[in-house]
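Engineer: Here you go, structure_14.cif (mmCIF, C-alpha atoms and all ligand atoms):
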data_work
#
loop_
_atom_site.group_PDB
_atom_site.id
_atom_site.type_symbol
_atom_site.label_atom_id
_atom_site.label_comp_id
_atom_site.auth_asym_id
_atom_site.auth_seq_id
_atom_site.Cartn_x
_atom_site.Cartn_y
_atom_site.Cartn_z
ATOM 1 C CA MET A 1 80.139 82.547 78.688
ATOM 2 C CA SER A 2 80.382 79.229 80.514
ATOM 3 C CA LEU A 3 78.961 78.900 84.023
ATOM 4 C CA LEU A 4 82.484 78.466 85.355
ATOM 5 C CA ASP A 5 83.646 81.695 83.679
ATOM 6 C CA ALA A 6 80.581 83.494 85.066
ATOM 7 C CA LEU A 7 81.334 82.241 88.572
ATOM 8 C CA LYS A 8 84.933 83.424 88.224
ATOM 9 C CA TRP A 9 83.561 86.874 87.280
ATOM 10 C CA ARG A 10 81.038 86.962 90.193
ATOM 11 C CA TYR A 11 81.863 88.460 93.583
ATOM 12 C CA ALA A 12 79.789 89.745 96.504
ATOM 13 C CA VAL A 13 79.391 93.387 95.491
ATOM 14 C CA LYS A 14 79.933 95.929 98.264
ATOM 15 C CA LYS A 15 78.991 99.073 96.323
ATOM 16 C CA MET A 16 76.289 99.151 93.673
ATOM 17 C CA ASN A 17 77.062 101.064 90.460
ATOM 18 C CA GLY A 18 73.764 102.995 90.369
ATOM 19 C CA GLN A 19 72.654 101.425 87.066
ATOM 20 C CA PRO A 20 69.194 99.827 87.222
ATOM 21 C CA VAL A 21 69.092 96.204 86.106
ATOM 22 C CA GLU A 22 66.930 95.713 82.995
ATOM 23 C CA GLN A 23 63.556 94.079 83.756
ATOM 24 C CA GLU A 24 64.268 91.353 81.169
ATOM 25 C CA LYS A 25 67.341 90.280 83.123
ATOM 26 C CA VAL A 26 65.469 90.371 86.436
ATOM 27 C CA ASP A 27 62.775 88.172 84.863
ATOM 28 C CA GLN A 28 65.408 85.687 83.676
ATOM 29 C CA ILE A 29 66.990 85.534 87.135
ATOM 30 C CA ILE A 30 63.603 84.854 88.742
ATOM 31 C CA GLN A 31 62.772 82.253 86.117
ATOM 32 C CA ALA A 32 66.068 80.488 86.845
ATOM 33 C CA ALA A 33 65.224 80.464 90.564
ATOM 34 C CA LEU A 34 61.811 78.974 89.868
ATOM 35 C CA LEU A 35 63.336 76.249 87.680
ATOM 36 C CA ALA A 36 65.613 75.105 90.510
ATOM 37 C CA PRO A 37 65.046 71.622 91.899
ATOM 38 C CA THR A 38 63.303 71.446 95.278
ATOM 39 C CA SER A 39 62.377 68.539 97.515
ATOM 40 C CA SER A 40 59.324 66.831 95.932
ATOM 41 C CA GLY A 41 58.881 69.990 93.844
ATOM 42 C CA LEU A 42 57.272 71.728 96.808
ATOM 43 C CA GLN A 43 58.945 75.116 96.212
ATOM 44 C CA PRO A 44 58.235 76.203 99.801
ATOM 45 C CA PHE A 45 59.298 79.810 99.364
ATOM 46 C CA LYS A 46 58.372 83.025 97.651
ATOM 47 C CA VAL A 47 60.672 85.265 95.668
ATOM 48 C CA ILE A 48 59.644 88.829 96.457
ATOM 49 C CA VAL A 49 61.056 91.555 94.239
ATOM 50 C CA VAL A 50 61.370 94.859 96.065
ATOM 51 C CA THR A 51 61.989 97.987 93.991
ATOM 52 C CA ASN A 52 60.174 100.508 96.183
ATOM 53 C CA GLN A 53 62.819 102.749 97.732
ATOM 54 C CA GLU A 54 60.872 103.366 100.939
ATOM 55 C CA LEU A 55 60.393 99.634 101.450
ATOM 56 C CA LYS A 56 64.095 98.912 100.828
ATOM 57 C CA GLU A 57 64.958 101.533 103.441
ATOM 58 C CA LYS A 58 62.619 99.817 105.908
ATOM 59 C CA ILE A 59 64.242 96.449 105.227
ATOM 60 C CA ALA A 60 67.850 97.702 105.415
ATOM 61 C CA PRO A 61 68.135 97.720 109.249
ATOM 62 C CA ILE A 62 67.511 93.974 109.479
ATOM 63 C CA ALA A 63 70.343 93.508 106.966
ATOM 64 C CA TYR A 64 72.633 95.433 109.323
ATOM 65 C CA GLY A 65 72.027 98.635 107.384
ATOM 66 C CA GLN A 66 74.131 97.486 104.445
ATOM 67 C CA ALA A 67 74.109 100.012 101.622
ATOM 68 C CA GLN A 68 73.523 97.428 98.895
ATOM 69 C CA VAL A 69 69.941 96.916 100.119
ATOM 70 C CA ILE A 70 69.141 100.593 99.574
ATOM 71 C CA ASP A 71 71.331 101.181 96.510
ATOM 72 C CA SER A 72 70.285 98.088 94.554
ATOM 73 C CA SER A 73 67.697 98.579 91.820
ATOM 74 C CA HIS A 74 66.083 95.235 92.737
ATOM 75 C CA LEU A 75 66.125 93.501 96.104
ATOM 76 C CA LEU A 76 65.159 89.849 95.695
ATOM 77 C CA VAL A 77 63.894 88.342 98.938
ATOM 78 C CA PHE A 78 63.838 84.536 99.052
ATOM 79 C CA ALA A 79 61.284 84.031 101.822
ATOM 80 C CA ALA A 80 60.967 80.457 103.111
ATOM 81 C CA GLN A 81 57.586 79.177 104.295
ATOM 82 C CA GLU A 82 57.272 78.916 108.061
ATOM 83 C CA ASN A 83 55.712 75.462 107.798
ATOM 84 C CA TYR A 84 53.970 73.081 105.386
ATOM 85 C CA THR A 85 50.218 72.537 105.346
ATOM 86 C CA GLU A 86 48.091 69.743 103.929
ATOM 87 C CA GLU A 87 46.294 72.237 101.668
ATOM 88 C CA GLY A 88 49.624 73.624 100.435
ATOM 89 C CA ILE A 89 50.912 70.154 99.535
ATOM 90 C CA ASP A 90 47.615 69.323 97.785
ATOM 91 C CA ALA A 91 47.844 72.548 95.780
ATOM 92 C CA VAL A 92 51.386 71.731 94.595
ATOM 93 C CA PHE A 93 50.446 68.211 93.439
ATOM 94 C CA ASN A 94 47.227 69.398 91.781
ATOM 95 C CA ARG A 95 49.169 71.992 89.810
ATOM 96 C CA MET A 96 51.939 69.535 88.933
ATOM 97 C CA ASN A 97 49.510 66.864 87.706
ATOM 98 C CA THR A 98 47.454 69.404 85.761
ATOM 99 C CA GLU A 99 50.552 70.755 84.020
ATOM 100 C CA ARG A 100 51.645 67.219 83.165
ATOM 101 C CA GLY A 101 48.192 66.306 81.856
ATOM 102 C CA LEU A 102 47.742 63.610 84.509
ATOM 103 C CA PRO A 103 44.619 62.831 86.567
ATOM 104 C CA LEU A 104 44.652 64.746 89.862
ATOM 105 C CA ASP A 105 44.926 61.485 91.823
ATOM 106 C CA ALA A 106 47.860 60.149 89.760
ATOM 107 C CA THR A 107 50.355 60.792 92.538
ATOM 108 C CA ASP A 108 48.122 60.105 95.551
ATOM 109 C CA ALA A 109 50.173 57.209 96.941
ATOM 110 C CA TYR A 110 53.360 59.285 96.912
ATOM 111 C CA LYS A 111 51.543 62.353 98.251
ATOM 112 C CA THR A 112 50.057 60.429 101.192
ATOM 113 C CA GLN A 113 53.488 59.080 102.125
ATOM 114 C CA LEU A 114 55.021 62.561 101.808
ATOM 115 C CA LYS A 115 52.312 64.200 103.937
ATOM 116 C CA GLY A 116 52.809 61.519 106.611
ATOM 117 C CA MET A 117 56.477 62.417 106.800
ATOM 118 C CA ILE A 118 56.287 66.214 106.494
ATOM 119 C CA LEU A 119 53.209 66.898 108.616
ATOM 120 C CA SER A 120 54.563 64.817 111.510
ATOM 121 C CA ARG A 121 57.669 67.002 111.780
ATOM 122 C CA SER A 122 57.947 70.072 113.991
ATOM 123 C CA ALA A 123 57.375 73.533 112.524
ATOM 124 C CA GLU A 124 61.049 74.295 113.173
ATOM 125 C CA GLU A 125 62.227 71.228 111.208
ATOM 126 C CA ASN A 126 59.903 72.157 108.374
ATOM 127 C CA PHE A 127 61.052 75.769 108.341
ATOM 128 C CA ASN A 128 64.668 74.590 108.146
ATOM 129 C CA HIS A 129 63.696 72.228 105.334
ATOM 130 C CA ALA A 130 61.922 75.051 103.485
ATOM 131 C CA ALA A 131 64.887 77.367 103.991
ATOM 132 C CA ARG A 132 67.220 74.787 102.429
ATOM 133 C CA GLN A 133 64.979 74.672 99.361
ATOM 134 C CA ALA A 134 65.003 78.474 99.173
ATOM 135 C CA TYR A 135 68.807 78.389 99.266
ATOM 136 C CA ILE A 136 68.939 76.035 96.274
ATOM 137 C CA ALA A 137 66.847 78.500 94.266
ATOM 138 C CA PHE A 138 68.905 81.412 95.553
ATOM 139 C CA GLY A 139 72.120 79.684 94.413
ATOM 140 C CA ILE A 140 70.720 79.120 90.935
ATOM 141 C CA ALA A 141 69.513 82.742 90.788
ATOM 142 C CA ILE A 142 72.887 84.157 91.729
ATOM 143 C CA ALA A 143 74.549 81.947 89.104
ATOM 144 C CA GLU A 144 72.086 83.185 86.455
ATOM 145 C CA ALA A 145 72.782 86.777 87.534
ATOM 146 C CA ALA A 146 76.496 86.134 87.000
ATOM 147 C CA LEU A 147 75.846 84.659 83.544
ATOM 148 C CA LEU A 148 73.947 87.875 82.702
ATOM 149 C CA LYS A 149 76.750 90.000 84.227
ATOM 150 C CA VAL A 150 74.381 91.396 86.822
ATOM 151 C CA ASP A 151 76.060 92.448 90.065
ATOM 152 C CA SER A 152 74.686 90.879 93.247
ATOM 153 C CA THR A 153 75.318 90.536 96.967
ATOM 154 C CA PRO A 154 74.065 87.508 98.850
ATOM 155 C CA MET A 155 72.707 88.234 102.325
ATOM 156 C CA GLU A 156 71.095 86.125 104.997
ATOM 157 C CA VAL A 157 68.437 87.369 107.368
ATOM 158 C CA LEU A 158 66.844 85.101 109.947
ATOM 159 C CA THR A 159 64.210 87.594 111.041
ATOM 160 C CA ALA A 160 60.659 87.095 109.869
ATOM 161 C CA LEU A 161 59.727 89.880 107.427
ATOM 162 C CA ARG A 162 56.290 90.940 108.588
HETATM 163 C C1 LIG A 201 74.357 83.194 103.142
HETATM 164 C C2 LIG A 201 75.301 84.302 102.783
HETATM 165 C C3 LIG A 201 75.250 85.489 103.465
HETATM 166 C C4 LIG A 201 76.092 86.543 103.118
HETATM 167 N N1 LIG A 201 75.962 87.753 103.721
HETATM 168 C C5 LIG A 201 76.639 88.811 103.247
HETATM 169 C C6 LIG A 201 76.367 90.122 103.707
HETATM 170 O O1 LIG A 201 75.526 90.324 104.583
HETATM 171 N N2 LIG A 201 77.063 91.154 103.168
HETATM 172 C C7 LIG A 201 77.994 90.977 102.194
HETATM 173 O O2 LIG A 201 78.590 91.956 101.726
HETATM 174 N N3 LIG A 201 78.292 89.733 101.743
HETATM 175 C C8 LIG A 201 77.619 88.657 102.218
HETATM 176 N N4 LIG A 201 77.868 87.412 101.732
HETATM 177 C C9 LIG A 201 78.913 87.244 100.742
HETATM 178 C C10 LIG A 201 80.100 86.461 101.291
HETATM 179 O O3 LIG A 201 80.761 87.173 102.296
HETATM 180 C C11 LIG A 201 81.010 86.191 100.099
HETATM 181 O O4 LIG A 201 80.294 85.410 99.174
HETATM 182 C C12 LIG A 201 82.293 85.469 100.483
HETATM 183 O O5 LIG A 201 83.076 86.264 101.332
HETATM 184 C C13 LIG A 201 83.112 85.089 99.253
HETATM 185 O O6 LIG A 201 83.402 86.249 98.493
HETATM 186 P P1 LIG A 201 82.893 86.440 96.986
HETATM 187 O O7 LIG A 201 81.449 86.036 96.924
HETATM 188 O O8 LIG A 201 83.105 87.901 96.702
HETATM 189 O O9 LIG A 201 83.738 85.545 96.131
HETATM 190 C C14 LIG A 201 77.056 86.356 102.101
HETATM 191 C C15 LIG A 201 77.113 85.132 101.430
HETATM 192 C C16 LIG A 201 76.240 84.134 101.752
HETATM 193 C C17 LIG A 201 76.288 82.846 100.956
#
Show how you would write the structure in this file as structure tokens.
Structural biologist:
Amino acid sequence: MSLLDALKWRYAVKKMNGQPVEQEKVDQIIQAALLAPTSSGLQPFKVIVVTNQELKEKIAPIAYGQAQVIDSSHLLVFAAQENYTEEGIDAVFNRMNTERGLPLDATDAYKTQLKGMILSRSAEENFNHAARQAYIAFGIAIAEAALLKVDSTPMEVLTALR
């Protein structure tokens, strides 16, 4: 199926069909999310997979009690980072350079410039930046779900999940 055909098939599901989504498909959806482009590759979010019924019931009220949260087999939470830290940025570049077989200092000039920009911004600006990156991944994930014919409902929650 082409992406366009999958997107024509997709809609925001209001009532789940009670069939659990196969783990293999969930894994593919998460992998698609993690392959999404993000600003400087920072990936400033976590994808949390909630299958525990009790936990889904606890989360439901902040999603206005919508039944899909409780009735879904998998609730994927795209949680944006509240802010960036120097250590976090270092960790991303160390991992990236290691995976590419480059010396750890290969991207130092770029990293210094990036830190100067990001760490001088307010926490609110950085949270909004992180949330935009999470949305890119979320969009890719929902498209992959459609390609796999997995029902989904996008939802937005601005409350911190603590
Ligand atoms: C950020 C975001 C939040 C949304 N929140 C909800 C929601 O809380 N409940 C719901 O049923 N649909 C939600 N939707 C789905 C939209 O209402 C839906 O995508 C839109 O009406 C178009 O319909 P379709 O996706 O079925 O084509 C949300 C979509 C987005 C992108």
Engineer: Please determine, counting only C-alpha atoms and all ligand atoms, which residue among A:Asn97, A:Gln28, A:Gln68, A:Ser40 has the shortest atom-to-atom distance to ligand LIG 201 (chain A).
Structural biologist: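 The answer is A:Gln68, which sits nearest to ligand LIG 201 (chain A).
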Engineer: Skip A:Val50 itself and residues of its chain fewer than 4 positions away, then list as a PyMOL selection string all residues within 7 Å of it, counting all atoms listed in the file.
Structural biologist: chain A and resi 56+74-76
Engineer: To check your reading of the model: which residues sit at most 9 Å from ligand LIG 201 (chain A) when counting all atoms listed in the file? Write the answer as a CSV table (one decimal) with C-alpha atoms, keeping the file's coordinate frame.
Structural biologist:
chain,number,residue,atom,x,y,z
A,7,LEU,CA,81.3,82.2,88.6
A,8,LYS,CA,84.9,83.4,88.2
A,9,TRP,CA,83.6,86.9,87.3
A,10,ARG,CA,81.0,87.0,90.2
A,11,TYR,CA,81.9,88.5,93.6
A,12,ALA,CA,79.8,89.7,96.5
A,13,VAL,CA,79.4,93.4,95.5
A,14,LYS,CA,79.9,95.9,98.3
A,15,LYS,CA,79.0,99.1,96.3
A,63,ALA,CA,70.3,93.5,107.0
A,64,TYR,CA,72.6,95.4,109.3
A,66,GLN,CA,74.1,97.5,104.4
A,68,GLN,CA,73.5,97.4,98.9
A,135,TYR,CA,68.8,78.4,99.3
A,139,GLY,CA,72.1,79.7,94.4
A,153,THR,CA,75.3,90.5,97.0
A,154,PRO,CA,74.1,87.5,98.8
A,155,MET,CA,72.7,88.2,102.3
A,156,GLU,CA,71.1,86.1,105.0
A,157,VAL,CA,68.4,87.4,107.4
Engineer: Which distance in Å separates atom CA of A:Leu4 and atom CA of A:Ala32, to one decimal?
Structural biologist: 16.6 Å
Engineer: Which residues are close to A:Ser120, i.e. within 12 Å by only C-alpha atoms, leaving aside same-chain residues fewer than 5 positions away? Reply as number ranges by chain.
Structural biologist: A: 83-86, 113-115, 125-126
Engineer: Put a box with edges along x, y and z around all the listed atoms of stretch 90-105 of chain A, pad it by 3 Å on each side, then give me its centre and sizes in Å, one decimal, as AutoDock Vina command-line options.
Structural biologist:
--center_x 48.3 --center_y 67.0 --center_z 89.8 --size_x 13.3 --size_y 17.1 --size_z 21.9
Engineer: Which residues, named as in the file, does the PyMOL selection byres (((chain A and resi 77) around 7) and not hetatm) pick out? Answer as a ChimeraX atom specification.
Structural biologist: /A:47-49,75-76,78-79
Engineer: I need the residues from that last selection saved to file as an mmCIF file, keeping the file's coordinate frame (with C-alpha atoms), if you can.
Structural biologist:
data_model
loop_
_atom_site.group_PDB
_atom_site.id
_atom_site.type_symbol
_atom_site.label_atom_id
_atom_site.label_comp_id
_atom_site.auth_asym_id
_atom_site.auth_seq_id
_atom_site.Cartn_x
_atom_site.Cartn_y
_atom_site.Cartn_z
ATOM 1 C CA VAL A 47 60.672 85.265 95.668
ATOM 2 C CA ILE A 48 59.644 88.829 96.457
ATOM 3 C CA VAL A 49 61.056 91.555 94.239
ATOM 4 C CA LEU A 75 66.125 93.501 96.104
ATOM 5 C CA LEU A 76 65.159 89.849 95.695
ATOM 6 C CA PHE A 78 63.838 84.536 99.052
ATOM 7 C CA ALA A 79 61.284 84.031 101.822
#
Engineer: Which one of A:Leu104, A:Met1, A:Ala130, A:Ala123 sits closest to A:Ala91 if you count all atoms listed in the file?
Structural biologist: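 The shortest atom-to-atom distance to A:Ala91 comes from A:Leu104.
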Engineer: In Å, with one decimal, what is the gap from atom CA of A:Ser72 to atom CA of A:Thr51?
Structural biologist: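 Those two atoms sit 8.3 Å apart.
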Engineer: Got a sec to resolve the PyMOL selection byres (((chain A and resi 141) around 7) and not hetatm) on this structure and send the residues as JSON, numbers by chain?
Structural biologist: {"A": [29, 30, 32, 33, 137, 138, 139, 140, 142, 143, 144, 145]}
Engineer: Would you pick out the contacts of A:Gly41 at 10 Å or less, using all atoms listed in the file, so that residues sharing its chain but fewer than 6 positions from it are not included, and give the list as a ChimeraX atom specification?
Structural biologist: /A:35,89,92-93,96,133
Engineer: For A:Asn17, which residue out of A:Ala80, A:Ala106, A:Ala36, A:Ala67 is the nearest one, using all atoms listed in the file?
Structural biologist: A:Ala67
Engineer: What does the structure give for the distance between atom CA of A:Phe127 and atom CA of A:Phe45, in Å to one decimal?
Structural biologist: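 If I compute the distance from atom CA of A:Phe127 to atom CA of A:Phe45, I get 10.0 Å.
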Engineer: At a cut-off of 12 Å, using all atoms listed in the file, what residues contact A:Glu54? Leave out same-chain residues fewer than 3 positions from it and give the result as a list in words.
Structural biologist: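 Near A:Glu54, the qualifying residues are Val50, Thr51, Glu57, Lys58, Ile59, Ala60, Val69, Ile70 and Asp71 of chain A.
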Engineer: Nearest residue to A:Ala146 out of A:Leu42, A:Val26, A:Pro20, A:Arg121, using only C-alpha atoms?
Structural biologist: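 Between A:Leu42, A:Val26, A:Pro20, A:Arg121, the residue approaching A:Ala146 most closely is A:Val26.
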Engineer: Find, counting all atoms listed in the file, the residue in A:Lys149, A:Arg95, A:Lys25, A:Arg100 that gets nearest to A:Leu3.
Structural biologist: A:Lys149
